[in-house]
file start-v1.txt (compact mmCIF, C-alpha atoms)
# COMPACT_ATOMS: atom_id res chain seq x y z
CA MET B 1 109.53 103.95 26.33
CA ASP B 2 109.30 107.64 27.10
CA LEU B 3 111.14 107.03 30.34
CA VAL B 4 114.10 105.57 28.43
CA VAL B 5 114.25 108.68 26.24
CA ILE B 6 114.23 110.95 29.28
CA LEU B 7 117.01 108.96 30.93
CA ILE B 8 119.11 109.05 27.77
CA VAL B 9 118.63 112.83 27.52
CA VAL B 10 119.61 113.28 31.18
CA ALA B 11 122.69 111.09 30.68
CA VAL B 12 123.72 113.11 27.64
CA ILE B 13 123.29 116.40 29.50
CA ILE B 14 125.40 115.12 32.39
CA ALA B 15 128.09 113.84 30.03
CA VAL B 16 128.27 117.16 28.22
CA GLU B 17 128.32 119.54 31.17
CA VAL B 18 129.71 117.88 34.28
CA PRO B 19 133.34 117.29 33.12
CA LEU B 20 133.74 121.01 32.51
CA MET B 21 132.48 121.91 35.96
CA TRP B 22 134.53 119.18 37.64
CA ARG B 23 137.74 120.36 36.03
CA LYS B 24 137.22 123.98 36.93
CA LYS B 25 136.01 123.08 40.42
CA LEU B 26 132.80 125.09 40.09
CA ILE B 27 130.99 123.48 43.01
CA GLU B 28 128.19 126.02 43.36
CA GLU B 29 127.36 125.74 39.68
CA LEU B 30 127.31 121.97 40.10
CA TRP B 31 124.72 122.23 42.87
CA VAL B 32 122.45 124.54 40.83
CA PHE B 33 122.94 122.36 37.75
CA SER B 34 121.93 119.25 39.70
CA PHE B 35 118.90 120.96 41.18
CA LEU B 36 117.68 122.15 37.77
CA LEU B 37 118.38 118.77 36.24
CA LEU B 38 116.42 117.06 39.01
CA LEU B 39 113.48 119.40 38.39
CA GLY B 40 113.69 118.70 34.67
CA THR B 41 113.77 114.95 35.23
CA PHE B 42 110.85 115.25 37.62
CA PHE B 43 108.74 117.08 35.04
CA GLY B 44 109.89 114.73 32.32
CA VAL B 45 108.83 111.70 34.31
CA ILE B 46 105.46 113.30 35.00
CA ASN B 47 105.13 113.82 31.27
CA ALA B 48 106.20 110.27 30.43
CA PHE B 49 103.72 108.62 32.74
CA HIS B 50 100.95 111.21 32.22
CA ILE B 51 100.59 111.70 35.96
CA PRO B 52 98.01 114.40 36.66
CA VAL B 53 99.73 117.13 38.60
CA SER B 54 98.84 120.55 39.96
CA ASN B 55 98.86 123.01 37.10
CA PRO B 56 100.95 126.20 37.53
CA LEU B 57 98.42 128.08 35.45
CA GLY B 58 95.81 126.94 37.96
CA TRP B 59 97.66 128.88 40.64
CA MET B 60 97.77 131.91 38.38
CA ILE B 61 94.00 131.69 37.91
CA PHE B 62 93.53 131.35 41.64
CA ILE B 63 95.65 134.41 42.44
CA TYR B 64 94.27 136.71 39.79
CA LYS B 65 90.62 135.69 39.73
CA PRO B 66 89.42 138.65 41.87
CA VAL B 67 91.18 141.16 39.62
CA ALA B 68 89.91 139.46 36.47
CA ASP B 69 86.31 139.36 37.71
CA MET B 70 86.46 143.00 38.73
CA VAL B 71 87.82 144.17 35.37
CA ASN B 72 85.41 141.99 33.40
CA ALA B 73 82.43 143.30 35.38
CA TRP B 74 83.51 146.86 34.83
CA LEU B 75 84.63 146.79 31.22
CA ALA B 76 82.88 143.92 29.43
CA MET M 1 132.03 138.73 34.79
CA LEU M 2 129.08 136.72 33.63
CA GLU M 3 128.45 138.45 30.33
CA LYS M 4 131.23 140.01 28.34
CA GLY M 5 129.23 140.99 25.27
CA LYS M 6 128.14 144.49 24.41
CA LEU M 7 125.06 145.63 22.55
CA SER M 8 125.03 148.58 20.23
CA THR M 9 122.10 151.00 20.34
CA ARG M 10 120.82 149.80 16.97
CA GLN M 11 120.88 146.19 18.15
CA LEU M 12 118.92 147.19 21.23
CA THR M 13 116.30 148.96 19.08
CA ILE M 14 116.02 145.92 16.83
CA LEU M 15 115.68 143.51 19.75
CA VAL M 16 112.98 145.67 21.35
CA MET M 17 111.11 145.82 18.06
CA LEU M 18 111.34 142.05 17.55
CA LEU M 19 110.26 141.35 21.13
CA THR M 20 107.33 143.77 20.82
CA ILE M 21 106.20 141.94 17.71
CA GLY M 22 107.05 138.68 19.49
CA ASP M 23 103.99 136.55 19.98
CA SER M 24 101.66 139.55 19.74
CA ILE M 25 101.46 139.31 15.98
CA LEU M 26 100.19 135.78 16.43
CA VAL M 27 97.79 135.88 19.36
CA ILE M 28 96.73 139.51 19.82
CA PRO M 29 94.29 139.90 16.88
CA PRO M 30 91.74 137.33 18.11
CA SER M 31 92.21 138.29 21.75
CA THR M 32 91.72 142.04 21.33
CA THR M 33 89.04 141.83 18.65
CA HIS M 34 86.99 139.59 20.94
CA TYR M 35 86.30 142.58 23.17
CA ALA M 36 86.83 145.63 20.98
CA ARG M 37 85.27 144.22 17.79
CA GLN M 38 85.97 146.51 14.85
CA ASN M 39 87.54 149.16 17.09
CA ALA M 40 90.54 147.05 17.97
CA TRP M 41 92.80 149.50 16.18
CA ILE M 42 91.93 152.12 18.81
CA SER M 43 92.95 149.59 21.47
CA THR M 44 96.35 149.35 19.83
CA LEU M 45 96.81 153.11 20.01
CA ILE M 46 95.85 153.16 23.68
CA GLY M 47 98.29 150.31 24.30
CA MET M 48 101.03 152.22 22.52
CA VAL M 49 100.51 155.23 24.80
CA ILE M 50 100.86 153.02 27.86
CA GLY M 51 103.89 151.41 26.25
CA LEU M 52 105.54 154.80 25.88
CA LEU M 53 104.87 155.45 29.56
CA ALA M 54 106.44 152.10 30.39
CA ILE M 55 109.53 153.00 28.34
CA TYR M 56 109.76 156.28 30.24
CA MET M 57 109.59 154.26 33.45
CA TYR M 58 112.40 151.97 32.30
CA SER M 59 114.58 154.95 31.40
CA ARG M 60 114.07 156.35 34.93
CA PHE M 61 115.09 152.92 36.17
CA ILE M 62 118.46 153.27 34.42
CA LYS M 63 119.12 156.57 36.14
CA LEU M 64 118.22 155.28 39.58
CA TYR M 65 119.96 151.90 39.34
CA PRO M 66 122.86 152.52 36.96
CA LYS M 67 124.60 149.49 35.50
CA LEU M 68 122.45 147.07 37.47
CA THR M 69 120.26 144.39 35.98
CA LEU M 70 116.73 143.90 37.28
CA ILE M 71 117.70 141.10 39.67
CA GLU M 72 120.65 143.03 41.08
CA ALA M 73 118.43 146.09 41.51
CA ILE M 74 115.82 144.06 43.40
CA GLN M 75 118.48 142.79 45.76
CA LYS M 76 119.87 146.28 46.26
CA ALA M 77 116.45 147.82 46.91
CA PHE M 78 114.94 145.18 49.17
CA GLY M 79 117.92 143.71 50.98
CA LYS M 80 118.78 140.08 51.41
CA TRP M 81 115.62 138.20 52.43
CA LEU M 82 112.81 140.12 50.72
CA GLY M 83 115.10 140.70 47.74
CA THR M 84 115.76 137.00 47.31
CA VAL M 85 112.05 136.17 47.53
CA LEU M 86 111.13 138.84 44.97
CA SER M 87 114.01 137.80 42.71
CA LEU M 88 112.81 134.20 42.75
CA MET M 89 109.30 135.33 41.86
CA THR M 90 110.64 137.43 39.00
CA LEU M 91 112.70 134.51 37.75
CA MET M 92 109.63 132.33 37.87
CA PHE M 93 107.83 135.00 35.83
CA PHE M 94 110.53 134.78 33.15
CA LEU M 95 110.34 131.01 33.19
CA ILE M 96 106.55 130.87 32.87
CA VAL M 97 106.53 133.39 30.03
CA THR M 98 109.16 131.27 28.28
CA VAL M 99 107.07 128.12 28.71
CA GLY M 100 103.96 129.95 27.49
CA SER M 101 105.70 131.21 24.37
CA MET M 102 107.08 127.77 23.62
CA ARG M 103 103.60 126.35 24.03
CA GLU M 104 102.39 128.91 21.48
CA VAL M 105 105.10 127.86 19.04
CA SER M 106 104.18 124.21 19.35
CA ASP M 107 100.43 124.94 19.15
CA PHE M 108 100.94 126.87 15.93
CA VAL M 109 103.18 124.23 14.35
CA ILE M 110 100.83 121.41 15.36
CA ALA M 111 97.70 123.24 14.24
CA GLU M 112 98.89 124.44 10.86
CA MET M 113 101.87 122.46 9.68
CA LEU M 114 102.46 119.12 11.37
CA PRO M 115 99.15 117.90 12.76
CA GLY M 116 99.31 114.99 15.17
CA THR M 117 102.90 115.56 16.23
CA PRO M 118 103.44 115.41 19.99
CA ILE M 119 104.72 118.58 21.60
CA PRO M 120 108.13 117.51 23.02
CA PRO M 121 109.90 116.70 19.70
CA ILE M 122 108.95 120.04 18.14
CA LEU M 123 110.06 121.93 21.22
CA THR M 124 113.29 119.95 21.53
CA LEU M 125 114.41 121.17 18.13
CA PHE M 126 113.34 124.69 19.00
CA ILE M 127 114.95 124.77 22.44
CA LEU M 128 118.29 123.46 21.14
CA ILE M 129 118.66 126.55 18.99
CA VAL M 130 117.52 128.78 21.84
CA ILE M 131 120.12 127.16 24.11
CA MET M 132 122.82 127.67 21.51
CA ALA M 133 121.89 131.35 21.18
CA THR M 134 121.87 131.85 24.95
CA ARG M 135 125.25 130.22 25.42
CA LEU M 136 126.77 132.47 22.79
CA GLY M 137 125.74 135.58 24.70
CA ILE M 138 123.68 138.70 24.22
CA GLU M 139 125.97 140.24 21.62
CA VAL M 140 125.44 137.32 19.27
CA LEU M 141 121.69 137.62 19.82
CA GLY M 142 121.84 141.30 18.93
CA ARG M 143 123.69 140.53 15.73
CA THR M 144 121.22 137.79 14.90
CA GLY M 145 118.42 140.31 15.29
CA GLU M 146 120.24 142.66 12.93
CA ILE M 147 120.45 139.93 10.30
CA PHE M 148 116.80 138.94 10.67
CA THR M 149 115.30 142.41 10.60
CA PRO M 150 115.51 143.30 6.89
CA MET M 151 113.93 139.95 6.06
CA ILE M 152 111.12 140.43 8.55
CA ILE M 153 110.37 143.99 7.45
CA ILE M 154 110.39 143.11 3.75
CA LEU M 155 108.18 140.06 4.34
CA PHE M 156 105.78 142.16 6.35
CA LEU M 157 105.59 144.88 3.68
CA ILE M 158 105.07 142.33 0.90
CA LEU M 159 102.28 140.62 2.80
CA THR M 160 100.56 143.88 3.74
CA VAL M 161 100.74 145.39 0.24
CA ALA M 162 99.70 142.18 -1.50
CA ILE M 163 96.47 141.99 0.50
CA VAL M 164 95.31 145.57 -0.24
CA PRO M 165 92.96 144.51 -3.06
CA GLN M 166 91.00 142.43 -0.56
CA MET M 167 90.53 145.14 2.04
CA ASP M 168 87.13 146.71 2.63
CA ILE M 169 86.94 149.92 4.64
CA VAL M 170 83.33 149.19 5.61
CA ARG M 171 84.48 146.45 7.97
CA ILE M 172 86.08 148.95 10.31
CA LEU M 173 82.81 150.92 10.76
CA PRO M 174 80.95 151.90 12.88
CA ILE M 175 83.59 153.48 15.04
CA LEU M 176 83.07 153.27 18.82
CA GLU M 177 79.74 151.56 18.36
CA ASP M 178 79.55 150.27 21.94
CA GLY M 179 81.42 153.11 23.55
CA ILE M 180 84.92 153.19 24.96
CA LYS M 181 84.63 150.38 27.54
CA PRO M 182 85.09 147.39 25.20
CA VAL M 183 88.00 149.20 23.59
CA LEU M 184 89.61 149.59 27.01
CA ARG M 185 89.05 145.92 27.79
CA GLY M 186 90.66 145.01 24.50
CA SER M 187 93.59 147.31 25.15
CA ILE M 188 94.50 145.40 28.32
CA SER M 189 95.84 142.39 26.45
CA ILE M 190 97.71 144.51 23.92
CA THR M 191 99.29 146.59 26.67
CA ALA M 192 100.44 143.54 28.58
CA TYR M 193 101.70 141.32 25.81
CA THR M 194 103.03 143.85 23.35
CA PHE M 195 104.20 146.78 25.41
CA LEU M 196 104.97 145.54 28.92
CA GLU M 197 107.02 142.50 28.04
CA PRO M 198 110.08 144.65 27.25
CA VAL M 199 110.59 144.62 31.04
CA VAL M 200 112.92 141.74 30.23
CA PHE M 201 115.32 144.30 28.76
CA LEU M 202 115.96 145.58 32.28
CA MET M 203 118.09 142.45 32.59
CA VAL M 204 120.14 143.39 29.56
CA LEU M 205 120.55 147.18 29.69
CA PRO M 206 123.86 147.23 31.60
CA TYR M 207 125.44 145.53 28.61
CA VAL M 208 124.62 148.29 26.13
CA SER M 209 127.77 150.10 25.06
CA GLN M 210 126.32 153.62 24.86
CA GLN M 211 124.30 154.12 28.03
CA GLN M 212 123.09 157.63 27.18
CA LYS M 213 121.29 156.45 24.06
CA ILE M 214 119.32 153.67 25.74
CA THR M 215 116.09 155.65 26.08
CA LYS M 216 116.06 156.62 22.42
CA GLY M 217 116.76 153.03 21.42
CA LEU M 218 113.97 151.62 23.59
CA LEU M 219 111.53 154.28 22.38
CA LEU M 220 112.27 153.69 18.71
CA GLY M 221 112.01 149.93 19.08
CA CYS M 222 108.70 150.23 20.92
CA LEU M 223 107.25 152.58 18.28
CA LEU M 224 108.38 150.39 15.38
CA GLY M 225 107.06 147.22 16.97
CA GLY M 226 103.82 148.94 17.93
CA THR M 227 103.34 150.22 14.38
CA ILE M 228 103.76 146.72 12.97
CA ILE M 229 101.24 145.31 15.44
CA PHE M 230 98.84 148.16 14.65
CA LEU M 231 99.12 147.46 10.93
CA THR M 232 98.69 143.72 11.44
CA LEU M 233 95.56 144.20 13.52
CA THR M 234 94.04 146.78 11.18
CA VAL M 235 94.74 144.63 8.11
CA SER M 236 93.15 141.71 9.93
CA ILE M 237 89.95 143.64 10.57
CA LEU M 238 89.87 145.20 7.10
CA VAL M 239 90.30 141.90 5.29
CA LEU M 240 88.49 139.41 7.51
CA GLY M 241 86.13 141.58 9.49
CA PRO M 242 85.86 141.51 13.28
CA ASP M 243 83.79 138.34 13.45
CA LEU M 244 86.18 136.09 11.58
CA THR M 245 89.20 137.65 13.28
CA THR M 246 87.82 136.66 16.66
CA ARG M 247 86.92 133.13 15.69
CA ASP M 248 90.00 132.27 13.71
CA ILE M 249 92.87 131.13 15.86
CA TYR M 250 95.57 132.53 13.59
CA PRO M 251 93.93 135.23 11.47
CA SER M 252 97.16 136.52 9.94
CA TYR M 253 97.82 133.04 8.60
CA ASN M 254 94.37 133.02 7.07
CA ILE M 255 95.03 136.39 5.44
CA ALA M 256 98.31 135.19 3.99
CA ARG M 257 96.45 132.25 2.50
CA ARG M 258 94.17 134.63 0.63
CA ILE M 259 96.93 136.51 -1.13
CA SER M 260 96.73 135.94 -4.87
CA ILE M 261 98.50 138.33 -7.23
CA GLY M 262 98.41 137.79 -10.95
CA GLY M 263 97.48 134.19 -10.42
CA PHE M 264 100.98 133.12 -9.52
CA PHE M 265 101.92 134.81 -6.21
CA GLU M 266 99.91 132.45 -4.06
CA ARG M 267 100.23 130.12 -1.04
CA VAL M 268 102.62 132.50 0.69
CA GLU M 269 101.51 131.61 4.20
CA ALA M 270 104.81 129.81 4.75
CA LEU M 271 106.47 133.23 4.63
CA ILE M 272 104.34 134.51 7.48
CA ALA M 273 105.02 131.33 9.44
CA LEU M 274 108.74 131.95 8.98
CA GLN M 275 108.34 135.52 10.21
CA TRP M 276 106.52 134.32 13.33
CA MET M 277 109.11 131.69 14.04
CA LEU M 278 111.82 134.34 13.97
CA THR M 279 110.08 136.80 16.29
CA LEU M 280 108.96 134.04 18.66
CA PHE M 281 112.53 132.72 18.70
CA ILE M 282 113.81 136.14 19.75
CA LYS M 283 111.21 136.38 22.49
CA VAL M 284 111.87 132.89 23.88
CA THR M 285 115.64 133.43 23.77
CA LEU M 286 115.42 136.79 25.55
CA PHE M 287 113.25 135.47 28.38
CA PHE M 288 115.30 132.27 28.64
CA TYR M 289 118.49 134.34 28.77
CA ALA M 290 116.94 136.64 31.40
CA PHE M 291 116.06 133.62 33.55
CA ILE M 292 119.52 132.03 33.30
CA LEU M 293 121.39 135.29 33.81
CA GLY M 294 119.11 136.32 36.67
CA LEU M 295 119.53 132.97 38.42
CA SER M 296 123.31 133.21 38.07
CA GLN M 297 123.32 136.74 39.43
CA LEU M 298 121.04 135.82 42.32
CA LEU M 299 123.28 132.92 43.36
CA LYS M 300 126.51 134.74 42.52
CA LEU M 301 127.72 132.12 40.08
CA LYS M 302 130.71 132.52 37.82
CA GLU M 303 129.44 130.59 34.83
CA TYR M 304 125.90 130.65 33.43
CA ARG M 305 126.30 128.51 30.33
CA VAL M 306 126.17 125.21 32.17
CA LEU M 307 122.65 125.95 33.41
CA THR M 308 121.17 126.20 29.94
CA LEU M 309 120.75 122.50 29.19
CA PRO M 310 118.91 121.48 32.39
CA THR M 311 116.64 124.52 32.12
CA GLY M 312 115.93 123.50 28.55
CA LEU M 313 114.86 120.10 29.82
CA ILE M 314 112.56 121.74 32.37
CA LEU M 315 110.96 123.89 29.66
CA VAL M 316 110.39 121.07 27.21
CA SER M 317 108.89 118.96 29.98
CA LEU M 318 106.71 121.77 31.34
CA ALA M 319 105.25 122.90 28.03
CA PRO M 320 102.77 120.04 27.57
CA ILE M 321 101.80 120.21 31.24
CA ILE M 322 100.77 123.83 31.59
CA ALA M 323 97.59 123.53 29.61
CA PRO M 324 95.65 120.38 28.70
CA ASN M 325 94.31 121.91 25.51
CA PHE M 326 94.32 125.06 23.48
CA THR M 327 91.01 126.42 24.78
CA TYR M 328 92.27 126.32 28.36
CA TYR M 329 95.44 128.15 27.38
CA ASN M 330 93.53 130.73 25.38
CA THR M 331 91.11 131.47 28.23
CA VAL M 332 93.88 131.84 30.78
CA PHE M 333 95.85 133.94 28.29
CA ASP M 334 92.95 136.33 27.77
CA ASN M 335 91.76 136.71 31.32
CA TYR M 336 94.46 135.95 33.87
CA TRP M 337 97.89 135.94 32.29
CA VAL M 338 97.53 139.65 31.38
CA TYR M 339 97.47 140.60 35.05
CA TYR M 340 100.50 138.44 35.73
CA VAL M 341 102.46 140.33 33.05
CA ILE M 342 101.14 143.66 34.32
CA THR M 343 102.28 142.77 37.83
CA PHE M 344 105.86 142.19 36.76
CA GLY M 345 105.99 144.56 33.81
CA LEU M 346 104.41 147.60 35.45
CA VAL M 347 103.97 147.14 39.19
CA LEU M 348 107.43 145.76 39.96
CA PRO M 349 109.38 148.52 38.14
CA LEU M 350 107.10 151.13 39.72
CA VAL M 351 107.80 149.71 43.18
CA LEU M 352 111.53 149.68 42.49
CA LEU M 353 111.43 153.28 41.30
CA GLY M 354 109.42 154.24 44.36
CA VAL M 355 111.91 152.63 46.72
CA ALA M 356 114.85 154.34 45.01
CA MET M 357 113.22 157.76 45.00
CA PHE M 358 112.15 157.33 48.62
CA ARG M 359 115.71 156.45 49.60
CA ARG M 360 117.08 159.39 47.68
CA ALA M 361 114.67 161.79 49.35
CA LEU M 362 115.58 160.29 52.72
CA SER M 363 119.33 160.64 52.19
CA LYS M 364 118.93 164.19 50.87
CA ASP M 365 116.92 164.96 53.98
CA LEU M 366 119.67 163.60 56.21
CA LYS M 367 122.37 165.44 54.29
CA SER M 368 120.55 168.75 54.48
CA GLN M 369 120.08 168.27 58.21
CA ASN M 370 123.82 167.76 58.67

call {"tool": "encode", "arguments": {"input": "start-v1.txt", "output": "structure tokens"}}
result
Amino acid sequence: MDLVVILIVVAVIIAVEVPLMWRKKLIEELWVFSFLLLLGTFFGVINAFHIPVSNPLGWMIFIYKPVADMVNAWLA
Amino acid sequence: MLEKGKLSTRQLTILVMLLTIGDSILVIPPSTTHYARQNAWISTLIGMVIGLLAIYMYSRFIKLYPKLTLIEAIQKAFGKWLGTVLSLMTLMFFLIVTVGSMREVSDFVIAEMLPGTPIPPILTLFILIVIMATRLGIEVLGRTGEIFTPMIIILFLILTVAIVPQMDIVRILPILEDGIKPVLRGSISITAYTFLEPVVFLMVLPYVSQQQKITKGLLLGCLLGGTIIFLTLTVSILVLGPDLTTRDIYPSYNIARRISIGGFFERVEALIALQWMLTLFIKVTLFFYAFILGLSQLLKLKEYRVLTLPTGLILVSLAPIIAPNFTYYNTVFDNYWVYYVITFGLVLPLVLLGVAMFRRALSKDLKSQN
């Protein structure tokens, strides 16, 4: 059900934006557009099927944990 | 020419003020009061000092990289390969801040107004307006800010004045009970979220019509926004006390609920929700715009509007993923996200300034030798 919604949204986005780029021959923009749209579809599908995936905030925690521990030990 | 619009100085001041208020008015009171307890108002003042330093840093940036946005400046300072890597990291910073702010919008709406609603529908409505604003350009956004500002200021004054009967000065004592260290810890989140997020304006400054007045505009906006945050935090502590401010997720909403004048001016919390929606909208749009514009400048595209819809899809899909529940988001927000914002809001501009000054000193050295 969710997958159908995502596909409809993607189809609408393509229908709205691609004719403009095709007419004006903006090939580079088309590539970036497709890449972003692919990313969006990827995340949308993950959302629709509730697939557990690596959390970007998890990376943030991993990178900044030393700093956070240091500041917390010093100031709190 | 990617962006043909021009901002006036007043529009810049207003946008800075609205961004400074941004999500801080919503999430800063519990976060700062957690550490600083009843002295959170001192944290705000410390944060404002650092904010003024940051504004000074941004104004030096304009002199050293004239008419360049942040992404263009990174590419000029670091060359092709390192510049591209750093630009991509900065763009990811803009994107993640956008997703975080959208998550805050949806959390607030779901918690207080529409319980049980899934996140994507709320954010779809929100992101469609953000996309429309981005496509129309920065000048339209500046004008929108100008239209919103009287409403926001009047709402804020009404809410602050109406709650005065319920304030109790005792709640703010004793001052500096545990020393200065908790106050400093509390000032970290205010500094990052309220006063370092205006780094996004480095993407927009080349489009201001009067370049000499930029510093004054930034300074005024920062001071105004900081004053509003200071007042919000102090009112929160005076009315609710430090304990309840820490535990309540949205203390300002709670305060607005308590307003009761003459028995008929009641239930005005919808007004404060409206105010938050407006400032959050400005913040999301500015960071979204910075991401789209930065990406187009990095890849030397001629048209940025077509990228808005797919990025919107990415944001709406990412928002439910980044945090499984509110507690997780809150913990990360308090402890780790601050350093992320400090990295890109303070460290990156400092590094850029350092590179430019180093180069200048080097070229002066060479010239004087010749």

call {"tool": "interface_residues", "arguments": {"input": "start-v1.txt", "of": "chain B", "to": "chain M", "cutoff": "8 Å", "atoms": "all atoms listed in the file", "output": "JSON, numbers by chain"}}
result
{"B": [13, 17, 28, 29, 32, 33, 36, 37, 39, 40, 41, 43, 44, 47, 55, 56, 57, 60, 61, 64, 65, 67, 68, 71, 72, 75, 76]}

call {"tool": "residues_around", "arguments": {"input": "start-v1.txt", "residues": "M:Leu348", "least_positions_apart": "4", "cutoff": "12 Å", "atoms": "only C-alpha atoms", "output": "tab-separated table (two decimals) with C-alpha atoms, in the coordinates of the input"}}
result
chain	number	residue	atom	x	y	z
M	54	ALA	CA	106.44	152.10	30.39
M	57	MET	CA	109.59	154.26	33.45
M	58	TYR	CA	112.40	151.97	32.30
M	61	PHE	CA	115.09	152.92	36.17
M	70	LEU	CA	116.73	143.90	37.28
M	71	ILE	CA	117.70	141.10	39.67
M	73	ALA	CA	118.43	146.09	41.51
M	74	ILE	CA	115.82	144.06	43.40
M	77	ALA	CA	116.45	147.82	46.91
M	78	PHE	CA	114.94	145.18	49.17
M	86	LEU	CA	111.13	138.84	44.97
M	87	SER	CA	114.01	137.80	42.71
M	89	MET	CA	109.30	135.33	41.86
M	90	THR	CA	110.64	137.43	39.00
M	93	PHE	CA	107.83	135.00	35.83
M	196	LEU	CA	104.97	145.54	28.92
M	199	VAL	CA	110.59	144.62	31.04
M	200	VAL	CA	112.92	141.74	30.23
M	202	LEU	CA	115.96	145.58	32.28
M	340	TYR	CA	100.50	138.44	35.73
M	341	VAL	CA	102.46	140.33	33.05
M	342	ILE	CA	101.14	143.66	34.32
M	343	THR	CA	102.28	142.77	37.83
M	344	PHE	CA	105.86	142.19	36.76
M	352	LEU	CA	111.53	149.68	42.49
M	353	LEU	CA	111.43	153.28	41.30
M	354	GLY	CA	109.42	154.24	44.36
M	355	VAL	CA	111.91	152.63	46.72

call {"tool": "residues_around", "arguments": {"input": "start-v1.txt", "residues": "M:Phe281", "least_positions_apart": "6", "cutoff": "10 Å", "atoms": "all atoms listed in the file", "output": "PyMOL selection string"}}
result
chain M and resi 18-19+22-23+101-102+105+126-127+129-130+133+275

call {"tool": "atom_distance", "arguments": {"input": "start-v1.txt", "atom1": "atom CA of M:Pro29", "atom2": "atom CA of M:Ser236"}}
result
7.3 Å

call {"tool": "atom_distance", "arguments": {"input": "start-v1.txt", "atom1": "atom CA of M:Lys367", "atom2": "atom CA of M:Ile62"}}
result
23.6 Å

call {"tool": "residues_near_point", "arguments": {"input": "start-v1.txt", "point": "(108.6, 151.9, 29.2)", "cutoff": "9 Å", "atoms": "all atoms listed in the file", "output": "list in words"}}
result
Ile50, Gly51, Leu52, Leu53, Ala54, Ile55, Tyr56, Met57, Tyr58, Ser59, Phe195, Leu196, Pro198, Val199, Thr215, Leu218, Leu219, Cys222 and Leu346 of chain M

call {"tool": "write_last_selection", "arguments": {"input": "start-v1.txt", "atoms": "C-alpha atoms", "output": "PDB file, keeping the file's coordinate frame"}}
result
ATOM      1  CA  ILE M  50     100.860 153.020  27.860  1.00  0.00           C
ATOM      2  CA  GLY M  51     103.890 151.410  26.250  1.00  0.00           C
ATOM      3  CA  LEU M  52     105.540 154.800  25.880  1.00  0.00           C
ATOM      4  CA  LEU M  53     104.870 155.450  29.560  1.00  0.00           C
ATOM      5  CA  ALA M  54     106.440 152.100  30.390  1.00  0.00           C
ATOM      6  CA  ILE M  55     109.530 153.000  28.340  1.00  0.00           C
ATOM      7  CA  TYR M  56     109.760 156.280  30.240  1.00  0.00           C
ATOM      8  CA  MET M  57     109.590 154.260  33.450  1.00  0.00           C
ATOM      9  CA  TYR M  58     112.400 151.970  32.300  1.00  0.00           C
ATOM     10  CA  SER M  59     114.580 154.950  31.400  1.00  0.00           C
ATOM     11  CA  PHE M 195     104.200 146.780  25.410  1.00  0.00           C
ATOM     12  CA  LEU M 196     104.970 145.540  28.920  1.00  0.00           C
ATOM     13  CA  PRO M 198     110.080 144.650  27.250  1.00  0.00           C
ATOM     14  CA  VAL M 199     110.590 144.620  31.040  1.00  0.00           C
ATOM     15  CA  THR M 215     116.090 155.650  26.080  1.00  0.00           C
ATOM     16  CA  LEU M 218     113.970 151.620  23.590  1.00  0.00           C
ATOM     17  CA  LEU M 219     111.530 154.280  22.380  1.00  0.00           C
ATOM     18  CA  CYS M 222     108.700 150.230  20.920  1.00  0.00           C
ATOM     19  CA  LEU M 346     104.410 147.600  35.450  1.00  0.00           C
TER      20      LEU M 346
END

call {"tool": "closest_residue", "arguments": {"input": "start-v1.txt", "among": "M:Val347, M:Leu64, M:Ile249, M:Ile255", "to": "M:Val27", "atoms": "all atoms listed in the file"}}
result
M:Ile249

call {"tool": "residues_around", "arguments": {"input": "start-v1.txt", "residues": "B:Ile6", "least_positions_apart": "2", "cutoff": "9 Å", "atoms": "only C-alpha atoms", "output": "tab-separated table (two decimals) with C-alpha atoms, keeping the file's coordinate frame"}}
result
chain	number	residue	atom	x	y	z
B	1	MET	CA	109.53	103.95	26.33
B	2	ASP	CA	109.30	107.64	27.10
B	3	LEU	CA	111.14	107.03	30.34
B	4	VAL	CA	114.10	105.57	28.43
B	8	ILE	CA	119.11	109.05	27.77
B	9	VAL	CA	118.63	112.83	27.52
B	10	VAL	CA	119.61	113.28	31.18
B	11	ALA	CA	122.69	111.09	30.68
B	41	THR	CA	113.77	114.95	35.23
B	44	GLY	CA	109.89	114.73	32.32
B	45	VAL	CA	108.83	111.70	34.31
B	48	ALA	CA	106.20	110.27	30.43
